[in-house]
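Okay, entry10.cif now, which holds mmCIF, C-alpha atoms:
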```
data_data
#
loop_
_atom_site.label_atom_id
_atom_site.label_comp_id
_atom_site.auth_asym_id
_atom_site.auth_seq_id
_atom_site.Cartn_x
_atom_site.Cartn_y
_atom_site.Cartn_z
CA MET A 1 177.10 63.19 114.45
CA VAL A 2 180.82 63.54 113.97
CA ASP A 3 181.74 65.18 110.65
CA ILE A 4 184.19 63.59 108.23
CA PRO A 5 187.70 65.07 108.40
CA THR A 6 188.17 68.12 106.15
CA ARG A 7 190.97 66.63 104.06
CA PHE A 8 188.83 63.63 103.10
CA ARG A 9 185.93 65.88 102.12
CA ARG A 10 188.20 68.00 99.93
CA GLU A 11 189.67 64.97 98.21
CA LEU A 12 186.28 63.53 97.38
CA LEU A 13 184.72 66.84 96.33
CA ALA A 14 187.72 67.64 94.14
CA MET A 15 186.86 64.53 92.13
CA ALA A 16 183.37 65.86 91.42
CA SER A 17 183.16 68.07 88.33
CA SER A 18 179.39 68.46 88.34
CA GLU A 19 176.56 68.82 90.83
CA ASN A 20 175.52 65.17 90.33
CA GLN A 21 179.07 63.97 90.93
CA LYS A 22 179.23 66.06 94.08
CA LEU A 23 176.03 64.46 95.32
CA ASP A 24 177.45 61.01 94.62
CA ALA A 25 180.62 61.93 96.50
CA LEU A 26 178.60 63.06 99.52
CA LYS A 27 176.67 59.80 99.47
CA LYS A 28 179.97 57.93 99.60
CA MET A 29 180.94 59.90 102.69
CA LEU A 30 177.75 58.94 104.54
CA PRO A 31 178.66 55.36 105.56
CA PHE A 32 181.96 56.64 106.94
CA ARG A 33 180.22 59.34 108.94
CA ILE A 34 177.66 56.89 110.32
CA THR A 35 180.42 54.44 111.30
CA VAL A 36 182.37 57.16 113.08
CA GLY A 37 179.18 58.28 114.78
CA PHE A 38 178.47 54.78 116.06
CA PHE A 39 181.88 54.35 117.63
CA VAL A 40 181.76 57.85 119.13
CA GLN A 41 178.42 56.95 120.72
CA LEU A 42 179.90 53.69 122.03
CA ALA A 43 182.84 55.64 123.46
CA VAL A 44 180.41 58.04 125.15
CA LEU A 45 178.58 55.07 126.70
CA VAL A 46 181.86 53.70 128.05
CA LEU A 47 182.90 57.15 129.33
CA MET A 48 179.57 57.42 131.13
CA GLY A 49 180.52 54.25 132.97
CA ILE A 50 183.88 55.80 133.89
CA SER A 51 182.43 59.08 135.06
CA SER A 52 179.66 57.47 137.10
CA GLN A 53 180.21 55.98 140.54
CA PRO A 54 183.62 54.23 140.58
CA ASN A 55 181.89 50.91 141.19
CA ALA A 56 178.13 50.99 140.87
CA VAL A 57 177.72 47.51 142.31
CA ALA A 58 180.19 48.23 145.08
CA GLN A 59 177.88 50.74 146.72
CA ASP A 60 176.30 48.07 148.88
CA ARG A 61 178.59 45.18 147.86
CA LYS A 62 175.51 43.07 147.20
CA MET A 63 176.45 40.24 144.86
CA TYR A 64 173.40 38.70 143.23
CA PHE A 65 174.91 36.49 140.54
CA TYR A 66 178.67 36.25 141.17
CA HIS A 67 179.95 35.20 144.60
CA GLY A 68 183.55 34.22 143.94
CA TYR A 69 182.88 30.50 144.45
CA THR A 70 185.86 28.28 143.70
CA PHE A 71 183.58 25.37 142.85
CA GLY A 72 181.09 24.62 140.14
CA SER A 73 180.19 26.65 137.06
CA GLU A 74 181.00 29.89 138.86
CA ALA A 75 184.62 28.76 139.18
CA THR A 76 184.94 28.66 135.38
CA TYR A 77 183.22 32.02 134.87
CA ASN A 78 185.28 34.95 133.54
CA PRO A 79 184.92 37.62 130.81
CA ILE A 80 186.99 35.78 128.17
CA ALA A 81 185.04 32.54 128.63
CA THR A 82 181.84 34.59 128.39
CA ILE A 83 182.94 36.09 125.07
CA ILE A 84 183.74 32.61 123.70
CA ASN A 85 180.55 31.04 125.03
CA GLY A 86 178.32 33.88 123.86
CA GLY A 87 180.17 34.98 120.75
CA TYR A 88 180.44 31.49 119.28
CA GLY A 89 177.25 30.12 120.80
CA ILE A 90 175.68 29.36 117.40
CA MET A 91 178.34 26.68 116.89
CA GLN A 92 176.36 24.47 119.27
CA VAL A 93 173.83 23.98 116.48
CA GLY A 94 174.62 20.80 114.59
CA ASN A 95 174.91 22.12 111.03
CA ARG A 96 177.32 24.96 111.88
CA ASN A 97 181.10 24.71 111.51
CA LYS A 98 182.86 24.63 114.90
CA ASP A 99 186.10 26.09 113.53
CA PRO A 100 186.36 29.79 114.50
CA PHE A 101 188.93 30.35 111.73
CA ALA A 102 186.37 29.30 109.11
CA VAL A 103 184.10 32.25 109.93
CA ASP A 104 184.05 35.06 107.36
CA TYR A 105 184.47 37.86 109.92
CA ARG A 106 184.96 40.58 107.31
CA ARG A 107 181.73 39.90 105.41
CA GLY A 108 179.94 39.16 108.66
CA TRP A 109 180.88 42.53 110.10
CA ARG A 110 180.04 44.37 106.86
CA ASN A 111 176.59 42.83 106.64
CA VAL A 112 175.74 43.18 110.32
CA TRP A 113 176.80 46.82 110.22
CA GLU A 114 174.90 47.47 106.99
CA ASN A 115 171.73 46.17 108.63
CA ILE A 116 171.98 47.81 112.05
CA SER A 117 173.05 51.16 110.55
CA HIS A 118 170.02 51.17 108.19
CA PRO A 119 167.32 49.45 110.29
CA VAL A 120 164.30 51.18 108.75
CA ARG A 121 165.36 50.33 105.21
CA GLU A 122 166.16 46.69 106.00
CA ILE A 123 162.99 46.11 108.05
CA LYS A 124 160.95 47.60 105.20
CA THR A 125 162.59 45.14 102.80
CA PHE A 126 161.93 42.26 105.21
CA GLY A 127 158.40 43.45 106.00
CA TRP A 128 157.38 45.45 109.08
CA LYS A 129 154.51 43.15 110.00
CA THR A 130 156.63 40.03 109.70
CA PHE A 131 159.45 41.65 111.67
CA ILE A 132 157.20 42.71 114.54
CA THR A 133 155.24 39.45 114.72
CA THR A 134 158.26 37.14 114.50
CA GLU A 135 161.08 39.10 116.17
CA ILE A 136 159.39 41.41 118.68
CA ILE A 137 155.84 40.43 119.75
CA PRO A 138 154.99 36.77 120.47
CA THR A 139 152.14 35.85 118.15
CA SER A 140 152.79 32.19 117.33
CA LEU A 141 154.47 29.14 118.83
CA ARG A 142 155.42 27.71 115.43
CA PRO A 143 159.25 27.53 115.13
CA ARG A 144 159.31 29.49 111.85
CA SER A 145 157.40 32.34 113.50
CA ALA A 146 159.00 32.28 116.96
CA GLN A 147 162.35 33.99 116.40
CA TYR A 148 161.29 36.18 119.32
CA MET A 149 161.95 33.30 121.74
CA PRO A 150 165.78 33.51 121.77
CA ASN A 151 165.46 37.31 121.73
CA TYR A 152 163.60 37.33 125.03
CA GLN A 153 165.45 34.40 126.60
CA ASN A 154 169.05 34.89 125.52
CA HIS A 155 169.26 38.63 124.85
CA LEU A 156 166.76 40.33 127.15
CA ILE A 157 166.98 38.06 130.22
CA GLY A 158 170.18 36.08 129.63
CA GLY A 159 172.06 39.03 128.16
CA GLY A 160 170.89 41.43 130.85
CA MET A 161 171.81 38.98 133.60
CA THR A 162 175.23 38.44 132.00
CA TYR A 163 175.85 42.20 131.97
CA ARG A 164 175.08 42.37 135.69
CA MET A 165 177.17 39.29 136.49
CA LEU A 166 180.10 40.78 134.57
CA ARG A 167 179.82 43.97 136.63
CA GLU A 168 179.93 41.90 139.80
CA TRP A 169 182.89 39.86 138.51
CA TYR A 170 184.89 43.03 137.81
CA VAL A 171 184.01 44.46 141.23
CA TYR A 172 184.93 41.22 143.02
CA HIS A 173 188.33 41.09 141.29
CA GLY A 174 189.15 44.71 142.10
CA TYR A 175 188.71 46.37 138.70
CA PRO A 176 187.89 50.09 138.88
CA HIS A 177 185.07 51.34 136.67
CA SER A 178 183.22 48.02 136.62
CA THR A 179 180.35 49.49 134.58
CA MET A 180 182.76 50.44 131.78
CA TRP A 181 184.36 46.99 131.72
CA ALA A 182 181.03 45.17 131.85
CA THR A 183 179.50 47.35 129.11
CA SER A 184 182.54 46.81 126.86
CA THR A 185 182.55 43.03 127.38
CA PHE A 186 178.78 42.91 126.88
CA THR A 187 179.06 44.81 123.58
CA ILE A 188 182.00 42.75 122.29
CA TYR A 189 180.45 39.36 122.86
CA HIS A 190 177.06 40.34 121.45
CA LEU A 191 178.62 41.91 118.36
CA LEU A 192 180.80 38.82 117.85
CA ASN A 193 177.69 36.68 118.24
CA GLU A 194 175.96 38.54 115.40
CA ILE A 195 179.03 38.45 113.13
CA VAL A 196 179.50 34.69 113.61
CA GLU A 197 175.80 34.00 113.06
CA ASN A 198 175.78 36.11 109.88
CA ASP A 199 179.08 34.60 108.63
CA GLY A 200 179.41 35.09 104.85
CA TYR A 201 175.83 36.08 104.08
CA ILE A 202 175.24 39.39 102.30
CA GLY A 203 171.76 40.90 102.28
CA THR A 204 168.87 41.83 104.54
CA ASN A 205 169.27 40.28 107.99
CA VAL A 206 166.89 41.66 110.61
CA ASP A 207 168.06 39.38 113.44
CA PRO A 208 170.93 41.71 114.50
CA ILE A 209 168.52 44.66 114.31
CA ALA A 210 166.22 43.06 116.87
CA ASP A 211 169.13 41.89 119.03
CA MET A 212 171.50 44.88 118.94
CA LEU A 213 169.00 47.72 118.75
CA VAL A 214 166.09 46.40 120.83
CA PHE A 215 166.70 43.48 123.18
CA ASN A 216 170.34 43.99 124.18
CA PRO A 217 169.86 47.64 125.27
CA LEU A 218 166.63 46.70 127.07
CA GLY A 219 168.40 43.86 128.87
CA LEU A 220 171.19 46.18 129.99
CA LEU A 221 168.70 48.75 131.29
CA LEU A 222 166.49 46.11 132.91
CA PHE A 223 169.32 44.55 134.91
CA SER A 224 170.60 47.95 135.99
CA ASP A 225 167.53 48.22 138.24
CA GLU A 226 168.04 46.74 141.71
CA ARG A 227 164.42 45.63 142.08
CA VAL A 228 164.53 43.71 138.81
CA VAL A 229 167.87 42.13 139.68
CA ARG A 230 166.62 41.11 143.13
CA PHE A 231 163.50 39.51 141.63
CA PHE A 232 165.44 37.42 139.11
CA ALA A 233 168.25 36.52 141.54
CA GLU A 234 166.17 35.72 144.63
CA THR A 235 162.61 34.94 143.56
CA LEU A 236 163.42 33.14 140.30
CA GLN A 237 166.94 32.07 141.38
CA LEU A 238 168.31 32.87 137.90
CA ARG A 239 171.85 31.48 137.50
CA ASP A 240 174.47 31.17 134.77
CA TRP A 241 175.08 27.48 134.01
CA SER A 242 177.25 27.94 130.93
CA TYR A 243 179.55 25.26 129.61
CA PHE A 244 183.32 25.71 129.77
CA PRO A 245 184.79 26.13 126.27
CA THR A 246 187.66 23.97 125.01
CA ILE A 247 189.66 23.95 121.79
CA ASN A 248 190.74 20.86 119.87
CA PRO A 249 194.26 21.64 118.54
CA SER A 250 194.07 18.90 115.88
CA THR A 251 190.85 20.15 114.27
CA GLY A 252 190.75 23.79 115.40
CA ALA A 253 187.17 23.26 116.59
CA ILE A 254 185.64 24.87 119.65
CA GLU A 255 184.03 22.15 121.75
CA ASN A 256 181.66 22.34 124.71
CA ASN A 257 180.91 26.05 124.41
CA GLY A 258 177.62 27.83 124.93
CA GLN A 259 175.71 30.02 127.34
CA ASN A 260 173.06 28.37 129.50
CA PHE A 261 170.86 29.70 132.28
CA SER A 262 168.65 28.12 134.92
CA ILE A 263 165.58 29.31 136.79
CA LYS A 264 164.07 27.77 139.91
CA TRP A 265 160.73 29.00 141.22
CA ARG A 266 159.84 27.47 144.56
CA ILE A 267 156.44 25.81 144.54
CA PRO A 268 154.13 27.53 147.06
CA GLY A 269 153.83 25.50 150.26
CA GLN A 270 156.95 23.47 149.42
CA ARG A 271 160.30 24.01 151.12
CA SER A 272 162.36 21.69 148.92
CA TRP A 273 160.61 21.48 145.54
CA SER A 274 160.81 24.07 142.77
CA LEU A 275 159.71 24.34 139.17
CA PHE A 276 162.84 24.24 137.00
CA TYR A 277 163.68 25.78 133.63
CA HIS A 278 167.02 25.47 131.81
CA PHE A 279 167.55 27.51 128.64
CA GLY A 280 170.15 28.51 126.05
CA VAL A 281 169.81 27.04 122.57
CA ASN A 282 167.50 24.62 124.35
CA GLY A 283 164.58 24.71 126.71
CA ILE A 284 164.23 22.11 129.46
CA VAL A 285 161.28 22.15 131.86
CA GLY A 286 161.12 20.05 135.00
CA PHE A 287 161.52 20.02 138.76
CA SER A 288 164.32 20.71 141.22
CA TYR A 289 164.75 19.24 144.70
CA LYS A 290 166.89 21.08 147.27
CA ARG A 291 168.62 18.98 149.90
CA LYS A 292 169.45 20.04 153.44
CA ASP A 293 173.16 20.40 152.66
CA GLY A 294 172.48 23.16 150.10
CA THR A 295 172.88 20.97 147.02
CA SER A 296 170.08 20.45 144.52
CA ILE A 297 169.16 17.87 141.92
CA SER A 298 167.18 19.07 138.90
CA ALA A 299 165.82 17.17 135.92
CA GLY A 300 163.58 17.82 132.98
CA ALA A 301 162.88 17.44 129.28
CA GLY A 302 162.28 19.79 126.40
CA LEU A 303 163.44 20.87 122.97
CA LEU A 304 166.81 21.72 121.43
CA ALA A 305 167.78 23.49 118.20
CA ARG A 306 169.05 20.63 115.99
CA LYS A 307 169.94 22.79 113.01
CA LEU A 308 169.17 26.12 111.37
CA ARG A 309 167.57 26.33 107.95
CA GLU A 310 166.35 29.11 105.71
CA VAL A 311 162.64 29.75 105.33
CA GLU A 312 161.67 30.09 101.68
CA ARG A 313 160.39 33.57 100.78
CA ASP A 314 159.19 34.86 97.44
CA ASP A 315 161.35 38.00 97.67
CA GLY A 316 164.59 36.08 98.37
CA VAL A 317 165.16 37.82 101.72
CA ARG A 318 166.88 35.64 104.29
CA SER A 319 164.83 34.28 107.19
CA LEU A 320 166.08 31.51 109.47
CA THR A 321 164.23 29.03 111.63
CA ALA A 322 165.36 26.18 113.86
CA ASP A 323 164.49 22.50 113.53
CA LEU A 324 163.79 21.29 117.06
CA VAL A 325 164.46 17.87 118.60
CA TRP A 326 164.01 16.24 122.00
CA ASN A 327 166.38 17.00 124.87
CA ILE A 328 166.70 15.53 128.39
CA GLY A 329 168.90 16.85 131.19
CA ILE A 330 169.90 16.00 134.76
CA PHE A 331 171.74 18.61 136.85
CA TYR A 332 173.48 18.72 140.22
CA ASP A 333 174.34 22.08 141.79
CA ARG A 334 175.70 23.46 145.04
CA GLU A 335 174.45 26.86 146.23
CA GLY A 336 173.29 27.58 142.69
CA SER A 337 176.70 26.84 141.13
CA LEU A 338 176.41 23.90 138.73
CA MET A 339 178.61 20.96 139.73
CA ALA A 340 177.64 18.38 137.10
CA SER A 341 175.25 17.92 134.19
CA LEU A 342 174.27 15.04 131.93
CA LEU A 343 172.31 15.65 128.73
CA PHE A 344 170.90 13.40 126.02
CA SER A 345 169.34 14.69 122.81
CA GLY A 346 168.66 14.19 119.13
CA SER A 347 171.18 16.93 118.32
CA LEU A 348 173.57 16.71 115.37
CA ALA A 349 176.36 18.13 117.53
CA TYR A 350 176.26 15.92 120.65
CA LYS A 351 174.03 12.93 121.22
CA ALA A 352 175.15 12.86 124.84
CA ARG A 353 177.26 15.20 126.93
CA ALA A 354 178.53 15.11 130.51
CA ASN A 355 180.15 18.06 132.31
CA LEU A 356 181.94 17.92 135.66
CA TYR A 357 182.92 21.27 137.16
CA PRO A 358 185.72 22.18 139.62
CA GLY A 359 185.17 21.00 143.17
CA LEU A 360 183.79 17.59 142.26
CA ILE A 361 186.97 15.67 141.42
CA ARG A 362 190.48 16.35 142.69
CA VAL A 363 193.61 14.97 140.98
CA ALA A 364 197.18 15.73 142.11
CA GLY A 365 196.03 18.75 144.08
CA LEU A 366 194.01 20.13 141.16
CA SER A 367 190.27 20.14 140.64
CA PRO A 368 189.75 20.39 136.86
CA ALA A 369 186.59 20.81 134.84
CA LEU A 370 186.01 17.75 132.65
CA PHE A 371 183.63 16.93 129.85
CA ALA A 372 182.90 13.92 127.66
CA ALA A 373 180.56 13.80 124.69
CA ILE A 374 179.35 11.47 121.95
CA GLY A 375 179.20 13.22 118.58
CA GLU A 376 177.04 12.80 115.50
CA LYS A 377 179.09 9.87 114.15
CA ASN A 378 179.42 8.23 117.58
CA GLU A 379 182.90 9.67 118.02
CA VAL A 380 184.03 10.28 121.59
CA ILE A 381 185.14 13.82 122.47
CA LEU A 382 186.97 14.55 125.72
CA GLY A 383 188.00 17.85 127.23
CA MET A 384 189.55 19.44 130.31
CA SER A 385 189.87 22.97 131.66
CA LEU A 386 191.50 24.43 134.77
CA ARG A 387 190.02 27.10 136.98
CA GLY A 388 191.22 30.59 136.09
CA ILE A 389 192.02 29.71 132.46
CA PRO A 390 189.52 31.05 129.85
CA PHE A 391 189.44 27.85 127.81
CA GLY A 392 190.70 24.28 127.99
CA LEU A 393 191.81 21.56 125.57
CA ALA A 394 189.76 18.88 123.82
CA SER A 395 190.64 15.77 121.84
CA GLN A 396 189.06 12.85 120.00
CA PRO A 397 190.69 9.57 121.06
CA ARG A 398 191.03 7.10 118.23
#
```

Since I need it in another form, could you write the structure as structure tokens?
Amino acid sequence: MVDIPTRFRRELLAMASSENQKLDALKKMLPFRITVGFFVQLAVLVLMGISSQPNAVAQDRKMYFYHGYTFGSEATYNPIATIINGGYGIMQVGNRNKDPFAVDYRRGWRNVWENISHPVREIKTFGWKTFITTEIIPTSLRPRSAQYMPNYQNHLIGGGMTYRMLREWYVYHGYPHSTMWATSTFTIYHLLNEIVENDGYIGTNVDPIADMLVFNPLGLLLFSDERVVRFFAETLQLRDWSYFPTINPSTGAIENNGQNFSIKWRIPGQRSWSLFYHFGVNGIVGFSYKRKDGTSISAGAGLLARKLREVERDDGVRSLTADLVWNIGIFYDREGSLMASLLFSGSLAYKARANLYPGLIRVAGLSPALFAAIGEKNEVILGMSLRGIPFGLASQPR
């Protein structure tokens, strides 16, 4: 623990004229010391990445998740887009504001930090049994008791895979100290995700405790192991099929953002057919058929988070659950890089959404990423993004 600077201690202690006042002054110092300690520990983690092998992934140059493709979803992948997709992912849910400038970042940060810096106290307030059975250990499939589902899917597996893919992206583009860059990006987008989800709420919020202190670190460690990475990349064919984010200048809203992942597990005895699972804020189960030219067509149905609502508790502590609705998707990919997707759902955000990625359509020598969606009030939303640019532009034609 890093001690508070001497001059600040003297100023606070000088204000205390009795033993009780001195104790109160020391208590006031504690949050500052804990905050300093956290950032020192984060700096140590980053420095460990610098002092380790110059490029951990570069040792054998094996790229499991990022291959430098100039087509499909991989062509739109980069650290900034990842921060937007992951950090503002909750805005996909229909009853959340899509305007990033409407988020109360200050209160969000204060409350997230208050919870993750005092986890024992906040979990005790929330209830240890409820925390463990809803956030950590799967005990029920009821939506109000299954907050563990996004923890395992999006933080342990999705987050861990994203950390590894970021490392590979930095290696591929010639950045030294890829572990440092990947760890920093990983931390930024997950912290932003918690701040945006918390928004202006003040009080006990155990979700960032489970995410930041349990599942995110486990995901990072898990996908630092070559055997684990090989299993997910080759046996389960785990891929990042995130959307490409766009911004509507007239409304300030972020459109078409969100992290998505796909898994294909080849059916024993079948060369072309695989079981298919697509997940993010949704879960789609189905089948995938691989063609001889390396392209695949996948389709399935499942559930999607329509909106978030608070679960009523006698003690007034906040607990969120998701209302789920139907969701259907059709996907076309090339060598695991998503080329096009078409989704229909009962969502409040988009009733229908189509995404076309670079490499599918070429106009005037350019191959843009395009999307079109039908919103809650049947409004049409269009967007376009160019390869190499972190985000594109969206509009609502009248």

Evaluating the PyMOL selection byres ((chain A and resi 96-111) around 9) on the displayed file yields which residues, as a VMD selection string?
-> chain A and resid 88 90 to 95 112 to 116 191 to 192 194 to 205 251 to 255 307 to 308 349

Would you write out those residues with C-alpha atoms, as an mmCIF file, keeping the file's coordinate frame?
```
data_model
loop_
_atom_site.group_PDB
_atom_site.id
_atom_site.type_symbol
_atom_site.label_atom_id
_atom_site.label_comp_id
_atom_site.auth_asym_id
_atom_site.auth_seq_id
_atom_site.Cartn_x
_atom_site.Cartn_y
_atom_site.Cartn_z
ATOM 1 C CA TYR A 88 180.440 31.490 119.280
ATOM 2 C CA ILE A 90 175.680 29.360 117.400
ATOM 3 C CA MET A 91 178.340 26.680 116.890
ATOM 4 C CA GLN A 92 176.360 24.470 119.270
ATOM 5 C CA VAL A 93 173.830 23.980 116.480
ATOM 6 C CA GLY A 94 174.620 20.800 114.590
ATOM 7 C CA ASN A 95 174.910 22.120 111.030
ATOM 8 C CA VAL A 112 175.740 43.180 110.320
ATOM 9 C CA TRP A 113 176.800 46.820 110.220
ATOM 10 C CA GLU A 114 174.900 47.470 106.990
ATOM 11 C CA ASN A 115 171.730 46.170 108.630
ATOM 12 C CA ILE A 116 171.980 47.810 112.050
ATOM 13 C CA LEU A 191 178.620 41.910 118.360
ATOM 14 C CA LEU A 192 180.800 38.820 117.850
ATOM 15 C CA GLU A 194 175.960 38.540 115.400
ATOM 16 C CA ILE A 195 179.030 38.450 113.130
ATOM 17 C CA VAL A 196 179.500 34.690 113.610
ATOM 18 C CA GLU A 197 175.800 34.000 113.060
ATOM 19 C CA ASN A 198 175.780 36.110 109.880
ATOM 20 C CA ASP A 199 179.080 34.600 108.630
ATOM 21 C CA GLY A 200 179.410 35.090 104.850
ATOM 22 C CA TYR A 201 175.830 36.080 104.080
ATOM 23 C CA ILE A 202 175.240 39.390 102.300
ATOM 24 C CA GLY A 203 171.760 40.900 102.280
ATOM 25 C CA THR A 204 168.870 41.830 104.540
ATOM 26 C CA ASN A 205 169.270 40.280 107.990
ATOM 27 C CA THR A 251 190.850 20.150 114.270
ATOM 28 C CA GLY A 252 190.750 23.790 115.400
ATOM 29 C CA ALA A 253 187.170 23.260 116.590
ATOM 30 C CA ILE A 254 185.640 24.870 119.650
ATOM 31 C CA GLU A 255 184.030 22.150 121.750
ATOM 32 C CA LYS A 307 169.940 22.790 113.010
ATOM 33 C CA LEU A 308 169.170 26.120 111.370
ATOM 34 C CA ALA A 349 176.360 18.130 117.530
#
```

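When the PyMOL selection byres ((chain A and resi 118-134) around 8) is run on the displayed coordinates, the residues it returns are A:Glu114, A:Asn115, A:Ile116, A:Ser117, A:Glu135, A:Ile136, A:Ile137, A:Pro138, A:Thr139, A:Ser140, A:Ser145, A:Ala146, A:Gln147, A:Tyr148, A:Thr204, A:Asn205, A:Val206, A:Ile209, A:Val317.
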
Using only C-alpha atoms, collect all residues at a distance of at most 12 Å from (168.2, 38.2, 131.2) as written in the file, then present them as a PDB file with C-alpha atoms, in the coordinates of the input.
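This is the output file out01.pdb:
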```pdb
ATOM      1  CA  PHE A  65     174.910  36.490 140.540  1.00  0.00           C
ATOM      2  CA  PRO A 150     165.780  33.510 121.770  1.00  0.00           C
ATOM      3  CA  ASN A 151     165.460  37.310 121.730  1.00  0.00           C
ATOM      4  CA  TYR A 152     163.600  37.330 125.030  1.00  0.00           C
ATOM      5  CA  GLN A 153     165.450  34.400 126.600  1.00  0.00           C
ATOM      6  CA  ASN A 154     169.050  34.890 125.520  1.00  0.00           C
ATOM      7  CA  HIS A 155     169.260  38.630 124.850  1.00  0.00           C
ATOM      8  CA  LEU A 156     166.760  40.330 127.150  1.00  0.00           C
ATOM      9  CA  ILE A 157     166.980  38.060 130.220  1.00  0.00           C
ATOM     10  CA  GLY A 158     170.180  36.080 129.630  1.00  0.00           C
ATOM     11  CA  GLY A 159     172.060  39.030 128.160  1.00  0.00           C
ATOM     12  CA  GLY A 160     170.890  41.430 130.850  1.00  0.00           C
ATOM     13  CA  MET A 161     171.810  38.980 133.600  1.00  0.00           C
ATOM     14  CA  THR A 162     175.230  38.440 132.000  1.00  0.00           C
ATOM     15  CA  TYR A 163     175.850  42.200 131.970  1.00  0.00           C
ATOM     16  CA  ARG A 164     175.080  42.370 135.690  1.00  0.00           C
ATOM     17  CA  MET A 165     177.170  39.290 136.490  1.00  0.00           C
ATOM     18  CA  PHE A 215     166.700  43.480 123.180  1.00  0.00           C
ATOM     19  CA  ASN A 216     170.340  43.990 124.180  1.00  0.00           C
ATOM     20  CA  PRO A 217     169.860  47.640 125.270  1.00  0.00           C
ATOM     21  CA  LEU A 218     166.630  46.700 127.070  1.00  0.00           C
ATOM     22  CA  GLY A 219     168.400  43.860 128.870  1.00  0.00           C
ATOM     23  CA  LEU A 220     171.190  46.180 129.990  1.00  0.00           C
ATOM     24  CA  LEU A 221     168.700  48.750 131.290  1.00  0.00           C
ATOM     25  CA  LEU A 222     166.490  46.110 132.910  1.00  0.00           C
ATOM     26  CA  PHE A 223     169.320  44.550 134.910  1.00  0.00           C
ATOM     27  CA  SER A 224     170.600  47.950 135.990  1.00  0.00           C
ATOM     28  CA  VAL A 228     164.530  43.710 138.810  1.00  0.00           C
ATOM     29  CA  VAL A 229     167.870  42.130 139.680  1.00  0.00           C
ATOM     30  CA  PHE A 231     163.500  39.510 141.630  1.00  0.00           C
ATOM     31  CA  PHE A 232     165.440  37.420 139.110  1.00  0.00           C
ATOM     32  CA  ALA A 233     168.250  36.520 141.540  1.00  0.00           C
ATOM     33  CA  LEU A 236     163.420  33.140 140.300  1.00  0.00           C
ATOM     34  CA  GLN A 237     166.940  32.070 141.380  1.00  0.00           C
ATOM     35  CA  LEU A 238     168.310  32.870 137.900  1.00  0.00           C
ATOM     36  CA  ARG A 239     171.850  31.480 137.500  1.00  0.00           C
ATOM     37  CA  ASP A 240     174.470  31.170 134.770  1.00  0.00           C
ATOM     38  CA  GLN A 259     175.710  30.020 127.340  1.00  0.00           C
ATOM     39  CA  ASN A 260     173.060  28.370 129.500  1.00  0.00           C
ATOM     40  CA  PHE A 261     170.860  29.700 132.280  1.00  0.00           C
ATOM     41  CA  SER A 262     168.650  28.120 134.920  1.00  0.00           C
ATOM     42  CA  ILE A 263     165.580  29.310 136.790  1.00  0.00           C
ATOM     43  CA  PHE A 279     167.550  27.510 128.640  1.00  0.00           C
ATOM     44  CA  GLY A 280     170.150  28.510 126.050  1.00  0.00           C
TER      45      GLY A 280
END
```

Pick out the residues sitting within 9 Å of range 292-295 of chain A, and hand them over as a PyMOL selection string; count only C-alpha atoms, and ignore anything fewer than 5 positions along from it in its own chain.
-> chain A and resi 272+332-336

Distance query Ala354 in chain A at most 7 Å, only C-alpha atoms, self and fewer than 4 positions along chain excluded, as a ChimeraX atom specification | /A:341-343,371-373

Expected residue set, 6 Å radius at (160.3, 19.0, 130.7), only C-alpha atoms, as an NGL selection string = :A and (284-286 or 300-302)

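With only C-alpha atoms as the atoms that count, the residue of A:Ile389, A:Leu213, A:Ile328, A:Ala340 with the shortest distance to Ala81 in chain A is A:Ile389.
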
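Note that the spacing between CA of Gln396 in chain A and CA of Asn378 in chain A amounts to 11.0 Å.
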
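Under the PyMOL selection byres ((chain A and resi 188) around 12), the matching residues in the shown file are Leu42, Pro79, Ile80, Thr82, Ile83, Ile84, Gly86, Gly87, Tyr88, Tyr163, Trp181, Ala182, Thr183, Ser184, Thr185, Phe186, Thr187, Tyr189, His190, Leu191, Leu192, Asn193, Glu194, Ile195, Met212 and Asn216 of chain A.
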
Same residues, C-alpha atoms, saved as an mmCIF file, in the frame of the given file:
```
data_model
loop_
_atom_site.group_PDB
_atom_site.id
_atom_site.type_symbol
_atom_site.label_atom_id
_atom_site.label_comp_id
_atom_site.auth_asym_id
_atom_site.auth_seq_id
_atom_site.Cartn_x
_atom_site.Cartn_y
_atom_site.Cartn_z
ATOM 1 C CA LEU A 42 179.900 53.690 122.030
ATOM 2 C CA PRO A 79 184.920 37.620 130.810
ATOM 3 C CA ILE A 80 186.990 35.780 128.170
ATOM 4 C CA THR A 82 181.840 34.590 128.390
ATOM 5 C CA ILE A 83 182.940 36.090 125.070
ATOM 6 C CA ILE A 84 183.740 32.610 123.700
ATOM 7 C CA GLY A 86 178.320 33.880 123.860
ATOM 8 C CA GLY A 87 180.170 34.980 120.750
ATOM 9 C CA TYR A 88 180.440 31.490 119.280
ATOM 10 C CA TYR A 163 175.850 42.200 131.970
ATOM 11 C CA TRP A 181 184.360 46.990 131.720
ATOM 12 C CA ALA A 182 181.030 45.170 131.850
ATOM 13 C CA THR A 183 179.500 47.350 129.110
ATOM 14 C CA SER A 184 182.540 46.810 126.860
ATOM 15 C CA THR A 185 182.550 43.030 127.380
ATOM 16 C CA PHE A 186 178.780 42.910 126.880
ATOM 17 C CA THR A 187 179.060 44.810 123.580
ATOM 18 C CA TYR A 189 180.450 39.360 122.860
ATOM 19 C CA HIS A 190 177.060 40.340 121.450
ATOM 20 C CA LEU A 191 178.620 41.910 118.360
ATOM 21 C CA LEU A 192 180.800 38.820 117.850
ATOM 22 C CA ASN A 193 177.690 36.680 118.240
ATOM 23 C CA GLU A 194 175.960 38.540 115.400
ATOM 24 C CA ILE A 195 179.030 38.450 113.130
ATOM 25 C CA MET A 212 171.500 44.880 118.940
ATOM 26 C CA ASN A 216 170.340 43.990 124.180
#
```
